[in-house]
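S.K.: Quick one, run29.tsv (TSV, C-alpha atoms and all ligand atoms):
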chain	number	residue	atom	x	y	z
A	1	GLY	CA	150.08	95.63	57.20
A	2	VAL	CA	146.63	96.81	58.08
A	3	ARG	CA	145.94	100.42	57.29
A	4	HIS	CA	143.79	102.40	59.64
A	5	GLU	CA	142.20	105.15	57.67
A	6	PRO	CA	139.50	107.28	59.19
A	7	THR	CA	136.16	106.31	57.68
A	8	ASN	CA	134.65	109.75	57.89
A	9	LYS	CA	131.29	110.27	56.32
A	10	ILE	CA	131.29	112.40	53.21
A	11	VAL	CA	128.93	115.29	53.86
A	12	LEU	CA	128.41	117.97	51.22
A	13	ASP	CA	127.52	121.59	51.93
A	14	LEU	CA	124.75	121.91	49.35
A	15	GLU	CA	124.52	125.70	49.42
A	16	ARG	CA	128.21	126.07	48.67
A	17	LEU	CA	128.14	123.28	46.13
A	18	TYR	CA	125.21	124.69	44.17
A	19	ASP	CA	126.56	128.25	44.43
A	20	ASP	CA	129.99	127.23	43.22
A	21	ALA	CA	130.23	128.66	39.73
A	22	SER	CA	133.27	126.67	38.68
A	23	GLU	CA	132.88	124.11	35.93
A	24	ASP	CA	135.04	121.82	38.08
A	25	LEU	CA	132.19	120.73	40.36
A	26	ALA	CA	129.44	120.45	37.74
A	27	TYR	CA	129.30	116.64	37.89
A	28	VAL	CA	129.32	116.57	41.70
A	29	ALA	CA	126.42	119.03	41.76
A	30	ARG	CA	124.46	117.01	39.21
A	31	TYR	CA	125.08	113.80	41.18
A	32	ALA	CA	124.01	115.42	44.44
A	33	ARG	CA	120.76	116.61	42.84
A	34	ALA	CA	120.09	113.06	41.60
A	35	ILE	CA	120.67	111.63	45.10
A	36	GLN	CA	118.35	114.23	46.63
A	37	GLN	CA	115.72	113.20	44.11
A	38	GLN	CA	116.13	109.47	44.82
A	39	ARG	CA	115.84	110.06	48.57
A	40	GLY	CA	113.17	112.71	48.39
A	41	ASP	CA	115.61	114.75	50.53
A	42	TYR	CA	115.02	118.26	49.20
A	43	ASN	CA	115.19	120.55	52.21
A	44	GLY	CA	118.58	119.69	53.64
A	45	ARG	CA	121.48	122.13	53.78
A	46	VAL	CA	123.84	119.16	53.77
A	47	LEU	CA	123.82	115.77	52.08
A	48	SER	CA	125.60	112.62	53.27
A	49	ILE	CA	126.72	110.51	50.34
A	50	ARG	CA	127.70	106.88	50.01
A	51	ALA	CA	131.33	105.84	49.85
A	52	ASP	CA	130.34	103.80	46.79
A	53	ASP	CA	129.00	106.88	45.07
A	54	LEU	CA	132.15	108.83	45.88
A	55	ARG	CA	134.14	106.03	44.26
A	56	ALA	CA	132.02	106.20	41.11
A	57	LEU	CA	132.24	109.96	41.01
A	58	ALA	CA	136.04	109.84	41.39
A	59	ILE	CA	136.20	107.81	38.16
A	60	VAL	CA	134.33	110.56	36.33
A	61	TYR	CA	137.04	112.98	37.53
A	62	ASP	CA	139.79	110.55	36.51
A	63	SER	CA	140.86	110.58	40.16
A	64	SER	CA	140.88	108.48	43.33
A	65	PRO	CA	138.31	108.86	46.11
A	66	SER	CA	140.91	110.64	48.28
A	67	GLY	CA	141.90	112.81	45.32
A	68	LEU	CA	138.30	113.84	44.82
A	69	ILE	CA	137.92	114.56	48.55
A	70	GLU	CA	140.96	116.82	48.30
A	71	ARG	CA	139.40	118.65	45.38
A	72	LEU	CA	136.10	119.05	47.22
A	73	ASN	CA	138.03	120.43	50.20
A	74	GLU	CA	139.81	122.95	47.99
A	75	HIS	CA	136.41	124.22	46.89
A	76	GLY	CA	135.23	124.30	50.51
A	77	VAL	CA	132.12	122.20	49.85
A	78	LEU	CA	132.74	119.48	52.47
A	79	VAL	CA	131.27	119.62	55.95
A	80	ALA	CA	133.72	118.17	58.47
A	81	ASP	CA	131.21	117.75	61.29
A	82	PRO	CA	127.53	118.16	60.39
A	83	ARG	CA	126.51	118.32	64.04
A	84	ALA	CA	128.90	121.21	64.72
A	85	PHE	CA	127.68	122.77	61.46
A	86	PHE	CA	124.16	123.02	62.88
A	87	ALA	CA	125.22	123.92	66.42
A	88	SER	CA	126.49	127.37	65.42
B	1	LIG	P1	117.70	101.20	48.64
B	1	LIG	O1	119.16	101.20	48.37
B	1	LIG	O2	116.98	99.89	48.46
B	1	LIG	O3	117.51	101.69	50.13
B	1	LIG	C1	116.23	101.65	50.74
B	1	LIG	C2	116.24	102.47	51.99
B	1	LIG	O4	117.19	101.91	52.92
B	1	LIG	C3	116.66	103.91	51.78
B	1	LIG	O5	115.53	104.68	51.43
B	1	LIG	C4	117.20	104.28	53.15
B	1	LIG	O6	116.13	104.61	54.04
B	1	LIG	C5	117.83	102.99	53.63
B	1	LIG	N1	119.28	102.95	53.33
B	1	LIG	C6	119.94	102.20	52.44
B	1	LIG	N2	121.26	102.36	52.54
B	1	LIG	C7	121.46	103.25	53.53
B	1	LIG	C8	122.63	103.84	54.12
B	1	LIG	O7	123.81	103.57	53.77
B	1	LIG	N3	122.40	104.75	55.09
B	1	LIG	C9	121.15	105.11	55.48
B	1	LIG	N4	121.03	106.08	56.41
B	1	LIG	N5	120.06	104.54	54.98
B	1	LIG	C10	120.20	103.63	54.02
B	1	LIG	P2	115.73	106.08	50.67
B	1	LIG	O8	116.73	106.91	51.38
B	1	LIG	O9	114.36	106.65	50.51
B	1	LIG	O10	116.30	105.69	49.25
B	1	LIG	C11	115.47	105.06	48.28
B	1	LIG	C12	116.31	104.48	47.17
B	1	LIG	O11	116.98	105.55	46.47
B	1	LIG	C13	117.43	103.57	47.63
B	1	LIG	O12	116.92	102.28	47.76
B	1	LIG	C14	118.41	103.66	46.49
B	1	LIG	O13	118.01	102.85	45.40
B	1	LIG	C15	118.29	105.11	46.07
B	1	LIG	N6	119.26	105.95	46.76
B	1	LIG	C16	119.03	106.83	47.76
B	1	LIG	N7	120.14	107.46	48.13
B	1	LIG	C17	121.11	106.95	47.35
B	1	LIG	C18	122.52	107.20	47.27
B	1	LIG	O14	123.11	108.00	48.00
B	1	LIG	N8	123.20	106.50	46.34
B	1	LIG	C19	122.62	105.57	45.55
B	1	LIG	N9	123.40	104.89	44.70
B	1	LIG	N10	121.30	105.31	45.58
B	1	LIG	C20	120.56	105.99	46.48
B	2	LIG	P1	119.69	114.78	62.35
B	2	LIG	O1	118.84	114.49	61.16
B	2	LIG	O2	119.02	115.30	63.58
B	2	LIG	O3	120.49	113.45	62.71
B	2	LIG	C1	121.31	113.37	63.87
B	2	LIG	C2	122.12	112.10	63.86
B	2	LIG	O4	121.24	110.99	63.89
B	2	LIG	C3	122.97	111.93	62.60
B	2	LIG	O5	124.20	112.57	62.78
B	2	LIG	C4	123.12	110.43	62.54
B	2	LIG	O6	124.13	110.01	63.44
B	2	LIG	C5	121.78	109.94	63.06
B	2	LIG	N1	120.89	109.69	61.93
B	2	LIG	C6	119.90	110.47	61.44
B	2	LIG	N2	119.28	109.88	60.42
B	2	LIG	C7	119.90	108.70	60.25
B	2	LIG	C8	119.73	107.63	59.35
B	2	LIG	O7	118.85	107.63	58.47
B	2	LIG	N3	120.56	106.56	59.48
B	2	LIG	C9	121.54	106.53	60.43
B	2	LIG	N4	122.32	105.46	60.49
B	2	LIG	N5	121.74	107.52	61.28
B	2	LIG	C10	120.93	108.59	61.20
B	2	LIG	P2	125.02	113.09	61.50
B	2	LIG	O8	125.07	112.07	60.44
B	2	LIG	O9	126.32	113.59	62.03
B	2	LIG	O10	124.16	114.30	60.90
B	2	LIG	C11	123.99	115.51	61.62
B	2	LIG	C12	122.94	116.35	60.98
B	2	LIG	O11	123.36	116.69	59.65
B	2	LIG	C13	121.59	115.65	60.82
B	2	LIG	O12	120.82	115.84	62.00
B	2	LIG	C14	120.98	116.39	59.64
B	2	LIG	O13	120.41	117.60	60.07
B	2	LIG	C15	122.19	116.70	58.79
B	2	LIG	N6	122.40	115.70	57.73
B	2	LIG	C16	123.40	114.83	57.60
B	2	LIG	N7	123.29	114.14	56.47
B	2	LIG	C17	122.18	114.59	55.85
B	2	LIG	C18	121.55	114.27	54.62
B	2	LIG	O14	121.99	113.42	53.82
B	2	LIG	N8	120.41	114.96	54.32
B	2	LIG	C19	119.90	115.90	55.16
B	2	LIG	N9	118.77	116.51	54.79
B	2	LIG	N10	120.48	116.23	56.33
B	2	LIG	C20	121.60	115.59	56.66
B	3	LIG	P1	124.96	106.09	57.75
B	3	LIG	O1	123.50	105.99	57.62
B	3	LIG	O2	125.53	106.48	59.08
B	3	LIG	O3	125.56	104.70	57.33
B	3	LIG	C1	126.95	104.39	57.50
B	3	LIG	C2	127.30	103.15	56.71
B	3	LIG	O4	126.56	102.03	57.22
B	3	LIG	C3	126.95	103.27	55.24
B	3	LIG	O5	128.03	103.91	54.58
B	3	LIG	C4	126.79	101.80	54.86
B	3	LIG	O6	128.04	101.21	54.66
B	3	LIG	C5	126.17	101.19	56.11
B	3	LIG	N1	124.69	101.18	56.02
B	3	LIG	C6	123.81	101.94	56.72
B	3	LIG	N2	122.55	101.62	56.41
B	3	LIG	C7	122.61	100.63	55.49
B	3	LIG	C8	121.63	99.89	54.76
B	3	LIG	O7	120.41	100.05	54.89
B	3	LIG	N3	122.11	98.95	53.89
B	3	LIG	C9	123.44	98.75	53.70
B	3	LIG	N4	123.83	97.82	52.79
B	3	LIG	N5	124.41	99.43	54.36
B	3	LIG	C10	123.98	100.36	55.24
B	3	LIG	P2	127.79	104.60	53.15
B	3	LIG	O8	127.10	103.67	52.22
B	3	LIG	O9	129.12	105.09	52.71
B	3	LIG	O10	126.83	105.84	53.42
B	3	LIG	C11	127.28	107.01	54.06
B	3	LIG	C12	126.12	107.85	54.49
B	3	LIG	O11	125.38	108.30	53.34
B	3	LIG	C13	125.11	107.14	55.36
B	3	LIG	O12	125.56	107.14	56.71
B	3	LIG	C14	123.86	107.98	55.15
B	3	LIG	O13	123.96	109.18	55.91
B	3	LIG	C15	123.98	108.36	53.68
B	3	LIG	N6	123.24	107.41	52.82
B	3	LIG	C16	123.76	106.44	52.07
B	3	LIG	N7	122.83	105.79	51.37
B	3	LIG	C17	121.65	106.36	51.70
B	3	LIG	C18	120.29	106.12	51.29
B	3	LIG	O14	119.96	105.24	50.49
B	3	LIG	N8	119.35	106.94	51.84
B	3	LIG	C19	119.68	107.90	52.75
B	3	LIG	N9	118.67	108.65	53.24
B	3	LIG	N10	120.95	108.15	53.15
B	3	LIG	C20	121.91	107.38	52.63
Using structure tokens, write down the structure that the file contains.
Ligand code: C2E
Ligand code: C2E
Ligand code: C2E
M.R.:
Amino acid sequence: GVRHEPTNKIVLDLERLYDDASEDLAYVARYARAIQQQRGDYNGRVLSIRADDLRALAIVYDSSPSGLIERLNEHGVLVADPRAFFAS
């Protein structure tokens, strides 16, 4: 049957990501820096990334996109709702 999965945007908390000292997120951080560079988006506290890029990044981690999302959540570097994030 048809699966209805929420298509939530992947939004990274850049401060937490770049402050995270663990080796585990090194590739995510490098990728995020490259995306910032390509967009010329240097001053943001958060970064929305493409689903395609998440898929590519999951391969680097020998994981699935949902597996990588889980890992990012464990490290607390995902922003659930960027608008609420800025409202506080
Ligand atoms: P491009 O893919 O030809 O996209 C040109 C412009 O279309 C982007 O300029 C952006 O304003 C808009 N655009 C394309 N796709 C989307 C989208 O899914 N959402 C939004 N909000 N806008 C979109 P921008 O941002 O200056 O990016 C310039 C170029 O840098 C892009 O050209 C692309 O080659 C690369 N790039 C930027 N961000 C990413 C990214 O997250 N992943 C990848 N793979 N490439 C990116
Ligand atoms: P904002 O820049 O004031 O954008 C508010 C809302 O306008 C966004 O909500 C989104 O729905 C829409 N919007 C803004 N720019 C674009 C765009 O280029 N394409 C499309 N399709 N919609 C756009 P959203 O996504 O929930 O983001 C909330 C806030 O989070 C944004 O407020 C911004 O401050 C921040 N944010 C989210 N993603 C990024 C990012 O990749 N880079 C930066 N620098 N900030 C981001
Ligand atoms: P968004 O801007 O709200 O776009 C949501 C989805 O609409 C994108 O999911 C993509 O499937 C489609 N979309 C929006 N604009 C374009 C476009 O110009 N060309 C094409 N082919 N599709 C488009 P996706 O790719 O997963 O991206 C998620 C979010 O990542 C985007 O949300 C946007 O906030 C950010 N993003 C992705 N690519 C770029 C980019 O090149 N530049 C910028 N500034 N932001 C991007």
S.K.: Please check which residues have atoms at most 12 Å from (128.9, 126.8, 47.4) in the file's coordinates, counting all atoms listed in the file, and write them as a ChimeraX atom specification.
M.R.: /A:12-22,25-26,28-29,45-46,72-79
S.K.: Have a look at A:Tyr27, A:Asp41, A:Phe86, A:Ile35 and name the one nearest to Ile59 of chain A; count all atoms listed in the file.
M.R.: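 Ranking A:Tyr27, A:Asp41, A:Phe86, A:Ile35 by distance to Ile59 of chain A, first place goes to A:Tyr27.
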S.K.: Please extract the residues at most 6 Å from ligand LIG 3 (chain B), counting all atoms listed in the file, and provide them as number ranges by chain, using the chain letters and residue numbers of this document.
M.R.: A: 9, 39, 48-51
S.K.: To one decimal place, how far is atom CA of Ser63 of chain A from atom C8 of ligand LIG 1 (chain B) in Å?
M.R.: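 Calculated distance between atom CA of Ser63 of chain A and atom C8 of ligand LIG 1 (chain B) is 23.9 Å.
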S.K.: Rank nothing, just name the residue among A:Glu23, A:Gly44, A:Gln37, A:Ala80 nearest to Ile10 of chain A, using all atoms listed in the file.
M.R.: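 Nearest to Ile10 of chain A: A:Ala80.
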